[in-house]
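S.K.: Pasting my_file_2.pdb below, which is PDB, C-alpha atoms.
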```
ATOM      1  CA  MET I   1      50.219 108.890 130.899
ATOM      2  CA  LEU I   2      48.283 106.238 129.025
ATOM      3  CA  TYR I   3      48.740 106.498 125.317
ATOM      4  CA  MET I   4      50.594 104.228 122.977
ATOM      5  CA  ARG I   5      52.154 104.532 119.576
ATOM      6  CA  THR I   6      54.008 101.903 117.631
ATOM      7  CA  VAL I   7      57.759 102.452 117.708
ATOM      8  CA  SER I   8      58.693 103.541 114.217
ATOM      9  CA  VAL I   9      61.800 102.300 112.459
ATOM     10  CA  ALA I  10      64.316 104.514 114.234
ATOM     11  CA  ASP I  11      61.961 107.465 113.727
ATOM     12  CA  GLY I  12      62.323 107.315 109.950
ATOM     13  CA  ASP I  13      65.692 105.593 109.686
ATOM     14  CA  LEU I  14      65.312 102.841 107.096
ATOM     15  CA  THR I  15      68.759 101.323 107.489
ATOM     16  CA  ALA I  16      69.030  97.588 108.126
ATOM     17  CA  ARG I  17      70.517  98.262 111.564
ATOM     18  CA  ALA I  18      67.564 100.460 112.525
ATOM     19  CA  ARG I  19      65.081  97.852 111.274
ATOM     20  CA  ILE I  20      66.832  95.204 113.349
ATOM     21  CA  VAL I  21      66.606  97.312 116.517
ATOM     22  CA  ALA I  22      62.922  98.058 115.889
ATOM     23  CA  ALA I  23      62.280  94.354 115.306
ATOM     24  CA  ALA I  24      64.154  93.445 118.491
ATOM     25  CA  LEU I  25      62.085  95.907 120.520
ATOM     26  CA  ASP I  26      58.949  94.288 119.125
ATOM     27  CA  ARG I  27      60.068  90.660 119.576
ATOM     28  CA  PHE I  28      61.481  91.197 123.058
ATOM     29  CA  ALA I  29      58.190  92.872 124.023
ATOM     30  CA  ALA I  30      56.136  90.048 122.537
ATOM     31  CA  HIS I  31      58.112  87.057 123.813
ATOM     32  CA  GLY I  32      60.607  88.230 126.435
ATOM     33  CA  TYR I  33      64.369  88.205 126.134
ATOM     34  CA  ASP I  34      64.903  84.474 126.644
ATOM     35  CA  ALA I  35      62.206  83.300 124.232
ATOM     36  CA  ALA I  36      62.955  85.787 121.434
ATOM     37  CA  THR I  37      65.393  84.405 118.894
ATOM     38  CA  MET I  38      67.845  86.045 116.555
ATOM     39  CA  ARG I  39      66.152  84.201 113.693
ATOM     40  CA  ASP I  40      62.741  85.633 114.610
ATOM     41  CA  ILE I  41      64.168  89.123 115.017
ATOM     42  CA  ALA I  42      65.858  88.856 111.627
ATOM     43  CA  ALA I  43      62.655  87.668 109.946
ATOM     44  CA  HIS I  44      60.691  90.498 111.555
ATOM     45  CA  ALA I  45      63.288  93.007 110.286
ATOM     46  CA  GLY I  46      63.328  91.487 106.800
ATOM     47  CA  VAL I  47      67.033  90.650 106.941
ATOM     48  CA  SER I  48      69.162  87.540 107.338
ATOM     49  CA  THR I  49      70.218  86.173 110.712
ATOM     50  CA  ALA I  50      73.808  86.588 109.546
ATOM     51  CA  LEU I  51      73.250  90.320 109.099
ATOM     52  CA  VAL I  52      71.875  90.621 112.643
ATOM     53  CA  THR I  53      74.989  88.856 113.914
ATOM     54  CA  HIS I  54      77.186  91.088 111.749
ATOM     55  CA  HIS I  55      75.715  94.254 113.275
ATOM     56  CA  PHE I  56      75.341  93.161 116.908
ATOM     57  CA  GLY I  57      77.195  89.909 117.444
ATOM     58  CA  THR I  58      74.986  88.528 120.195
ATOM     59  CA  LYS I  59      71.428  88.769 121.413
ATOM     60  CA  ARG I  60      72.720  90.328 124.628
ATOM     61  CA  ALA I  61      74.360  93.145 122.656
ATOM     62  CA  LEU I  62      71.107  93.664 120.773
ATOM     63  CA  ARG I  63      69.218  93.934 124.077
ATOM     64  CA  GLU I  64      71.780  96.481 125.257
ATOM     65  CA  GLU I  65      71.178  98.536 122.114
ATOM     66  CA  CYS I  66      67.416  98.438 122.748
ATOM     67  CA  ASP I  67      67.951  99.702 126.293
ATOM     68  CA  ALA I  68      70.278 102.389 124.952
ATOM     69  CA  ARG I  69      67.548 103.452 122.518
ATOM     70  CA  VAL I  70      65.184 103.939 125.470
ATOM     71  CA  ALA I  71      67.852 105.868 127.370
ATOM     72  CA  ARG I  72      68.477 108.185 124.414
ATOM     73  CA  PHE I  73      64.738 108.776 124.041
ATOM     74  CA  ILE I  74      64.493 109.753 127.713
ATOM     75  CA  ALA I  75      67.473 112.098 127.439
ATOM     76  CA  GLU I  76      66.025 113.781 124.356
ATOM     77  CA  LYS I  77      62.661 114.319 126.036
ATOM     78  CA  GLN I  78      64.265 115.649 129.205
ATOM     79  CA  ASP I  79      66.272 118.126 127.124
ATOM     80  CA  ALA I  80      63.205 119.350 125.232
ATOM     81  CA  ALA I  81      61.893 122.615 126.645
ATOM     82  CA  ALA I  82      58.256 121.592 126.156
ATOM     83  CA  ALA I  83      58.598 118.089 127.639
ATOM     84  CA  SER I  84      56.193 117.954 130.596
ATOM     85  CA  ASP I  85      55.524 114.232 130.946
ATOM     86  CA  VAL I  86      58.669 112.286 130.113
ATOM     87  CA  LEU I  87      57.516 109.161 131.946
ATOM     88  CA  GLY I  88      54.237 109.193 130.036
ATOM     89  CA  GLU I  89      56.007 109.653 126.719
ATOM     90  CA  VAL I  90      58.528 106.877 127.268
ATOM     91  CA  LEU I  91      55.809 104.467 128.407
ATOM     92  CA  GLY I  92      53.589 105.506 125.539
ATOM     93  CA  THR I  93      56.373 104.736 123.087
ATOM     94  CA  TYR I  94      58.126 101.761 124.683
ATOM     95  CA  GLY I  95      55.546 100.522 127.201
ATOM     96  CA  PRO I  96      55.225  96.884 126.018
ATOM     97  CA  TYR I  97      59.011  96.503 125.793
ATOM     98  CA  LEU I  98      59.597  98.042 129.217
ATOM     99  CA  ALA I  99      56.881  95.964 130.851
ATOM    100  CA  ARG I 100      58.363  92.739 129.520
ATOM    101  CA  MET I 101      61.967  93.657 130.270
ATOM    102  CA  LEU I 102      61.226  94.843 133.795
ATOM    103  CA  GLY I 103      59.497  91.539 134.457
ATOM    104  CA  ASP I 104      62.438  89.523 133.166
ATOM    105  CA  GLY I 105      64.695  90.603 136.030
ATOM    106  CA  GLY I 106      68.469  90.890 136.082
ATOM    107  CA  ALA I 107      70.914  93.773 136.151
ATOM    108  CA  ALA I 108      69.664  95.314 132.892
ATOM    109  CA  SER I 109      66.089  95.302 134.179
ATOM    110  CA  ASP I 110      67.233  96.827 137.470
ATOM    111  CA  ALA I 111      68.932  99.622 135.530
ATOM    112  CA  LEU I 112      65.801 100.273 133.457
ATOM    113  CA  PHE I 113      63.625 100.445 136.560
ATOM    114  CA  ALA I 114      66.051 102.802 138.313
ATOM    115  CA  ARG I 115      66.077 105.056 135.244
ATOM    116  CA  LEU I 116      62.270 105.199 135.104
ATOM    117  CA  VAL I 117      62.009 105.937 138.835
ATOM    118  CA  ALA I 118      64.554 108.752 138.411
ATOM    119  CA  VAL I 119      62.474 110.174 135.555
ATOM    120  CA  ALA I 120      59.329 110.023 137.691
ATOM    121  CA  ARG I 121      61.085 111.615 140.663
ATOM    122  CA  ALA I 122      62.340 114.482 138.489
ATOM    123  CA  SER I 123      58.773 115.074 137.287
ATOM    124  CA  ILE I 124      57.527 115.075 140.871
ATOM    125  CA  ASP I 125      60.182 117.570 141.921
ATOM    126  CA  ASP I 126      59.448 119.846 138.971
ATOM    127  CA  GLY I 127      55.689 119.531 139.400
ATOM    128  CA  SER I 128      55.694 120.224 143.113
ATOM    129  CA  ALA I 129      58.061 123.189 142.657
ATOM    130  CA  SER I 130      55.758 124.740 140.057
ATOM    131  CA  GLY I 131      52.650 124.004 142.114
ATOM    132  CA  TRP I 132      50.705 121.745 139.734
ATOM    133  CA  LEU I 133      51.532 118.493 141.527
ATOM    134  CA  ARG I 134      51.167 117.506 145.179
ATOM    135  CA  ALA I 135      54.257 115.699 146.415
ATOM    136  CA  SER I 136      53.761 112.670 148.623
ATOM    137  CA  ARG I 137      54.972 112.302 152.182
ATOM    138  CA  ASP I 138      57.446 109.896 150.551
ATOM    139  CA  PRO I 139      58.397 111.288 147.111
ATOM    140  CA  ASP I 140      60.725 108.372 146.339
ATOM    141  CA  ALA I 141      57.911 105.877 146.899
ATOM    142  CA  GLN I 142      55.588 108.181 144.950
ATOM    143  CA  ALA I 143      57.971 107.972 141.989
ATOM    144  CA  ALA I 144      58.041 104.171 142.205
ATOM    145  CA  ALA I 145      54.241 104.140 142.420
ATOM    146  CA  LEU I 146      53.960 106.254 139.264
ATOM    147  CA  VAL I 147      56.195 103.793 137.417
ATOM    148  CA  LEU I 148      54.095 100.906 138.734
ATOM    149  CA  LEU I 149      50.851 102.511 137.611
ATOM    150  CA  GLY I 150      52.334 103.410 134.246
ATOM    151  CA  VAL I 151      53.745  99.966 133.469
ATOM    152  CA  ALA I 152      50.863  97.862 134.841
ATOM    153  CA  PRO I 153      48.463  98.310 131.885
ATOM    154  CA  PHE I 154      51.112  96.988 129.503
ATOM    155  CA  LEU I 155      51.606  93.908 131.672
ATOM    156  CA  LEU I 156      47.908  93.154 131.185
ATOM    157  CA  LEU I 157      47.585  94.465 127.661
ATOM    158  CA  ASP I 158      46.251  91.208 126.197
ATOM    159  CA  ARG I 159      43.555  90.979 128.868
ATOM    160  CA  LEU I 160      42.693  94.653 128.501
ATOM    161  CA  ALA I 161      42.496  94.338 124.719
ATOM    162  CA  ALA I 162      40.055  91.446 125.070
ATOM    163  CA  TRP I 163      37.998  93.526 127.512
ATOM    164  CA  ALA I 164      37.904  96.388 124.985
ATOM    165  CA  GLY I 165      36.806  94.210 122.088
ATOM    166  CA  GLY I 166      40.232  93.257 120.804
ATOM    167  CA  ASP I 167      41.758  96.726 120.434
ATOM    168  CA  PRO I 168      44.686  97.459 122.805
ATOM    169  CA  GLU I 169      44.809 101.160 121.937
ATOM    170  CA  ALA I 170      41.086 101.482 122.648
ATOM    171  CA  ALA I 171      41.643  99.785 126.006
ATOM    172  CA  LEU I 172      44.399 102.221 126.972
ATOM    173  CA  ALA I 173      42.312 105.170 125.811
ATOM    174  CA  ARG I 174      39.414 104.072 128.030
ATOM    175  CA  LEU I 175      41.700 103.595 131.014
ATOM    176  CA  ALA I 176      43.177 107.051 130.524
ATOM    177  CA  VAL I 177      39.948 108.709 131.709
ATOM    178  CA  PRO I 178      39.561 107.025 135.127
ATOM    179  CA  LEU I 179      43.297 107.233 135.717
ATOM    180  CA  ALA I 180      43.241 110.956 134.960
ATOM    181  CA  GLU I 181      40.320 111.280 137.387
ATOM    182  CA  LEU I 182      42.274 109.318 139.974
ATOM    183  CA  TYR I 183      45.342 111.510 139.591
ATOM    184  CA  SER I 184      43.374 114.767 139.515
ATOM    185  CA  ASP I 185      40.521 114.225 141.980
ATOM    186  CA  GLY I 186      41.558 111.257 144.092
ATOM    187  CA  LEU I 187      39.473 108.153 144.658
ATOM    188  CA  VAL I 188      37.971 108.376 148.143
ATOM    189  CA  SER I 189      36.272 111.311 149.794
ATOM    190  CA  ASP I 190      37.730 110.956 153.303
ATOM    191  CA  ASP I 191      40.995 109.940 154.992
ATOM    192  CA  ARG I 192      40.149 106.299 155.766
ATOM    193  CA  LEU I 193      42.936 104.967 153.539
ATOM    194  CA  LEU I 194      45.535 107.232 155.130
ATOM    195  CA  THR I 195      44.265 106.142 158.537
ATOM    196  CA  ALA I 196      44.655 102.499 157.519
ATOM    197  CA  THR I 197      48.327 103.141 156.719
ATOM    198  CA  GLY I 198      48.863 104.783 160.090
ATOM    199  CA  LEU I 199      49.518 108.196 158.571
ATOM    200  CA  VAL I 200      46.449 109.745 160.220
ATOM    201  CA  PRO I 201      45.817 108.940 163.894
ATOM    202  CA  GLU I 202      42.313 107.651 164.640
ATOM    203  CA  GLU I 203      41.712 110.442 167.143
ATOM    204  CA  ALA I 204      42.411 113.047 164.450
ATOM    205  CA  ARG I 205      39.554 111.816 162.269
TER     206      ARG I 205
END
```
Mind turning the file's structure into structure tokens?

M.R.:
Amino acid sequence: MLYMRTVSVADGDLTARARIVAAALDRFAAHGYDAATMRDIAAHAGVSTALVTHHFGTKRALREECDARVARFIAEKQDAAAASDVLGEVLGTYGPYLARMLGDGGAASDALFARLVAVARASIDDGSASGWLRASRDPDAQAAALVLLGVAPFLLLDRLAAWAGGDPEAALARLAVPLAELYSDGLVSDDRLLTATGLVPEEAR
């Protein structure tokens, strides 16, 4: 689940509108919705502020277009026959943006979180049906936990980059190994954590 690529300009689209959306994704991820400005987004896109306003009108409309871009990406991956890790792909492509937007709160952030949880739950259902994934006693909470684990590294990306010598992609690559081990093999060798949650009675140990 942990890989990251820079969002390209609308996957090859070099139009001014596409550059503006790509710049907005970057600036919203870097500064948050409130702190990002139309002027900064325009400068990052290499266009005038007036052109940003011409295409989108308001910063809120631009944020809505960014969220729609994420939604379209998810839909495309879910429709692809070979797509096996949609949550991983969307986080790998839009992780910094999603982490910042989910932390900002509000109805748009609620909708993004609900969409990601639905993606994770669909993966759990598919994985458990095919036998490669063990479903939790609470699959809905398992889906939310997968989103949490997927987004968390991007919330701490600056700290992780410093830990990895200044390279955020190197940090995520290093984390991918222990996280894969955690997903595949588990972390503890007995049921003490399940017992602590009350899921395993003491007398059954």

S.K.: I need the residue nearest Ala75 in chain I from this list: I:Arg115, I:Arg39, I:Ala107, I:Trp163. Use all atoms listed in the file for the distance.

M.R.: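 Checking each of I:Arg115, I:Arg39, I:Ala107, I:Trp163 against Ala75 in chain I, counting all atoms listed in the file, the winner is I:Arg115.
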
S.K.: Report the residues retrieved by the PyMOL selection byres ((chain I and resi 137-154) around 6) from the displayed file, expressed as a list of chain:residue names.

M.R.: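 Applied to this file, the PyMOL selection byres ((chain I and resi 137-154) around 6) returns I:Pro96, I:Ala99, I:Val117, I:Ala120, I:Arg121, I:Ser136, I:Leu155, I:Leu156, I:Leu157.
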
S.K.: Take the residues from that selection and write them out as a CSV table (one decimal), in the coordinates of the input, keeping C-alpha atoms.

M.R.:
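Done, and the output landed in part-v4.csv:
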```csv
chain,number,residue,atom,x,y,z
I,96,PRO,CA,55.2,96.9,126.0
I,99,ALA,CA,56.9,96.0,130.9
I,117,VAL,CA,62.0,105.9,138.8
I,120,ALA,CA,59.3,110.0,137.7
I,121,ARG,CA,61.1,111.6,140.7
I,136,SER,CA,53.8,112.7,148.6
I,155,LEU,CA,51.6,93.9,131.7
I,156,LEU,CA,47.9,93.2,131.2
I,157,LEU,CA,47.6,94.5,127.7
```

S.K.: Let me have the centre and edge lengths in Å, one decimal, of the box along x, y and z around every listed atom of range 142-157 of chain I with 8 Å of margin on each side, as JSON.

M.R.:
```
{"center_x": 52.8, "center_y": 100.7, "center_z": 136.3, "size_x": 26.5, "size_y": 31.0, "size_z": 33.3}
```

S.K.: Starting from the shown file, work through the PyMOL selection byres ((chain I and resi 66) around 10) and note down what comes out as a list in words.

M.R.: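 Output of the PyMOL selection byres ((chain I and resi 66) around 10): Ile20, Val21, Ala22, Ala23, Ala24, Leu25, Phe28, Arg60, Ala61, Leu62, Arg63, Glu64, Glu65, Asp67, Ala68, Arg69, Val70, Ala71, Arg72 and Tyr97 of chain I.
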
S.K.: Keeping only C-alpha atoms, take the residues you just selected and write them out as a compact mmCIF listing (two decimals), in the frame of the given file.

M.R.:
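Dumped everything to result.txt:
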```
# COMPACT_ATOMS: atom_id res chain seq x y z
CA ILE I 20 66.83 95.20 113.35
CA VAL I 21 66.61 97.31 116.52
CA ALA I 22 62.92 98.06 115.89
CA ALA I 23 62.28 94.35 115.31
CA ALA I 24 64.15 93.44 118.49
CA LEU I 25 62.08 95.91 120.52
CA PHE I 28 61.48 91.20 123.06
CA ARG I 60 72.72 90.33 124.63
CA ALA I 61 74.36 93.14 122.66
CA LEU I 62 71.11 93.66 120.77
CA ARG I 63 69.22 93.93 124.08
CA GLU I 64 71.78 96.48 125.26
CA GLU I 65 71.18 98.54 122.11
CA ASP I 67 67.95 99.70 126.29
CA ALA I 68 70.28 102.39 124.95
CA ARG I 69 67.55 103.45 122.52
CA VAL I 70 65.18 103.94 125.47
CA ALA I 71 67.85 105.87 127.37
CA ARG I 72 68.48 108.18 124.41
CA TYR I 97 59.01 96.50 125.79
```

S.K.: Got a sec: who's within 10 Å of Tyr183 in chain I, counting only C-alpha atoms, leaving out chain neighbours fewer than 5 positions off, as a list of chain:residue names?

M.R.: I:Leu133, I:Val177, I:Pro178

S.K.: Of the candidates I:Leu160, I:Leu102, I:Ala18, I:Leu87, which shows the shortest atom-to-atom distance to Leu172 in chain I, using all atoms listed in the file?

M.R.: I:Leu160

S.K.: Distance CA of Asp34 in chain I-CA of Pro168 in chain I, one decimal place?

M.R.: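 Separating CA of Asp34 in chain I from CA of Pro168 in chain I is a distance of 24.3 Å.
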
S.K.: Report, in Å to a single decimal, how far apart CA of Asp85 in chain I and CA of Leu187 in chain I are.

M.R.: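 Atom-to-atom, CA of Leu187 in chain I to CA of Asp85 in chain I, that is 22.0 Å.
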
S.K.: Could you please determine the separation between CA of Ala173 in chain I and CA of Ala161 in chain I in Å, to one decimal place?

M.R.: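 About the pair CA of Ala173 in chain I and CA of Ala161 in chain I: they are 10.9 Å apart.
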
S.K.: Measuring between only C-alpha atoms, which one of I:Leu116, I:Ala171, I:Val47, I:Ala111 shows the shortest distance to Ile74 in chain I?

M.R.: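 Among the listed residues, the smallest separation from Ile74 in chain I belongs to I:Leu116.
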
S.K.: May I ask which of the residues I:Leu98, I:Leu175, I:Ala118, I:Leu193 is the closest one to Ala29 in chain I, counting all atoms listed in the file?

M.R.: I:Leu98

S.K.: I'd like to know which of I:His44, I:Arg174, I:Lys77, I:Arg100 is closest to Arg19 in chain I, using all atoms listed in the file.

M.R.: I:His44
